[in-house]
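**Q** Here it is: the structure, laid out below.
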Amino acid sequence: MSIHENLLGGPPPTHLPAETGPLELLASGATPAEVAAKFPTSSLAWAQLADDAFVAGRTIESYAYARTGYHRGLDALRRAGWKGHGPVPWEHEPNRGFLRALHALARAAGAIEEKDEFERCTQFLRDSSPTAADTLG
């Protein structure tokens, strides 16, 4: 028996492919907006835009950026074989863009008192990755 075998019969963890282009651009000093413009499917770029907007007090912009990153992440998860539920581990670094966007969406929804969206996204984050939920707060 493998130590990674899922004994509960749930779906296997989903591991997104690395976003090499966006990571390289960010590392070279490009702004998240430049990265999102060049790689609009990058959840990582949209999550960073959401974080930056939230910190600057631009909550509605943060919400919009986070929602874009979240939906781009859902598209990527589906392409990776995700069936709408199951683990999306924080420990697999390429998953972090989606998880950060999901967290940012919950945070912005809470800030504008969109209670149902806040609760749904908070629970979705915890269900996808307890580590991400604990790490991101």
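Each chain in the structure tokens gets a letter, A, B, ..., in the order shown, and its residues are numbered from 1; ligands are numbered from 1 in order too.
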Which polymer residues have any atom within 8 Å of an atom of region 7-23 of chain A, counting only C-alpha atoms, with same-chain residues fewer than 5 positions away left out, as a tab-separated table (two decimals) with C-alpha atoms, in the first residue's frame?

**A**
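Saved the output as result_7.tsv:
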chain	number	residue	atom	x	y	z
A	35	VAL	CA	1.75	40.01	-16.32
A	39	PHE	CA	-0.88	36.09	-19.54
A	42	SER	CA	-2.74	33.46	-14.89
A	44	LEU	CA	-1.30	34.24	-9.89
A	45	ALA	CA	-1.25	37.63	-11.66
A	76	ALA	CA	-7.23	25.56	-15.20
A	77	LEU	CA	-8.41	23.09	-12.57
A	80	ALA	CA	-6.14	19.42	-15.05
A	81	GLY	CA	-8.91	16.87	-14.46
A	82	TRP	CA	-10.64	18.41	-11.41
A	85	HIS	CA	-14.36	18.96	-5.68
A	86	GLY	CA	-11.36	17.44	-4.01
A	87	PRO	CA	-8.01	18.61	-2.72
A	88	VAL	CA	-6.08	21.44	-4.36
A	89	PRO	CA	-2.97	21.35	-2.16
A	92	HIS	CA	1.99	22.27	-4.74
A	93	GLU	CA	3.20	25.79	-5.55
A	94	PRO	CA	1.45	26.15	-8.94
A	95	ASN	CA	-1.90	25.80	-7.10

**Q** Quick one: residues within 7 Å of Ala106 (chain A), only C-alpha atoms, excluding same-chain residues fewer than 5 positions away - as a list in words?

**A**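 My reading of the contact set: Glu117, Phe118, Cys121 and Thr122 of chain A.
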
**Q** Pick from A:Ala101, A:Ile60, A:Ala37, A:Ala47: nearest to Glu114 (chain A), with only C-alpha atoms counted?

**A** A:Ile60

**Q** Between CA of Glu91 (chain A) and CA of Arg120 (chain A), measure the distance and give it in Å to one decimal.

**A**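 Interatomic distance, CA of Glu91 (chain A) to CA of Arg120 (chain A): 22.3 Å.
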
**Q** Between A:Ile112, A:Leu125, A:Leu74, A:Leu49, which has the minimum distance to Leu99 (chain A) (counting only C-alpha atoms)?

**A** A:Leu125

**Q** Work out how far CA of Asp127 (chain A) is from CA of Arg107 (chain A), in Å to one decimal.

**A** 16.4 Å

**Q** For Arg72 (chain A), list every protein, DNA or RNA residue within 9 Å, evaluated using only C-alpha atoms, and leave out those in the same chain fewer than 4 positions away; present the list as a list in words.

**A**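 What passes the distance filter is Pro40, Thr41, Ser42, Ser43, Trp46, Arg67, Thr68, Ala76, Leu77 and Phe98 of chain A.
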
**Q** For Glu61 (chain A), list every protein, DNA or RNA residue within 12 Å, evaluated using only C-alpha atoms, and leave out those in the same chain fewer than 3 positions away; present the list as a count of residues only.

**A** 23

**Q** Of the residues A:Gly69, A:Thr135, A:Pro32, A:Tyr63, which is the one nearest to Glu113 (chain A), using only C-alpha atoms?

**A**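 That would be A:Tyr63, the residue with the smallest distance to Glu113 (chain A).
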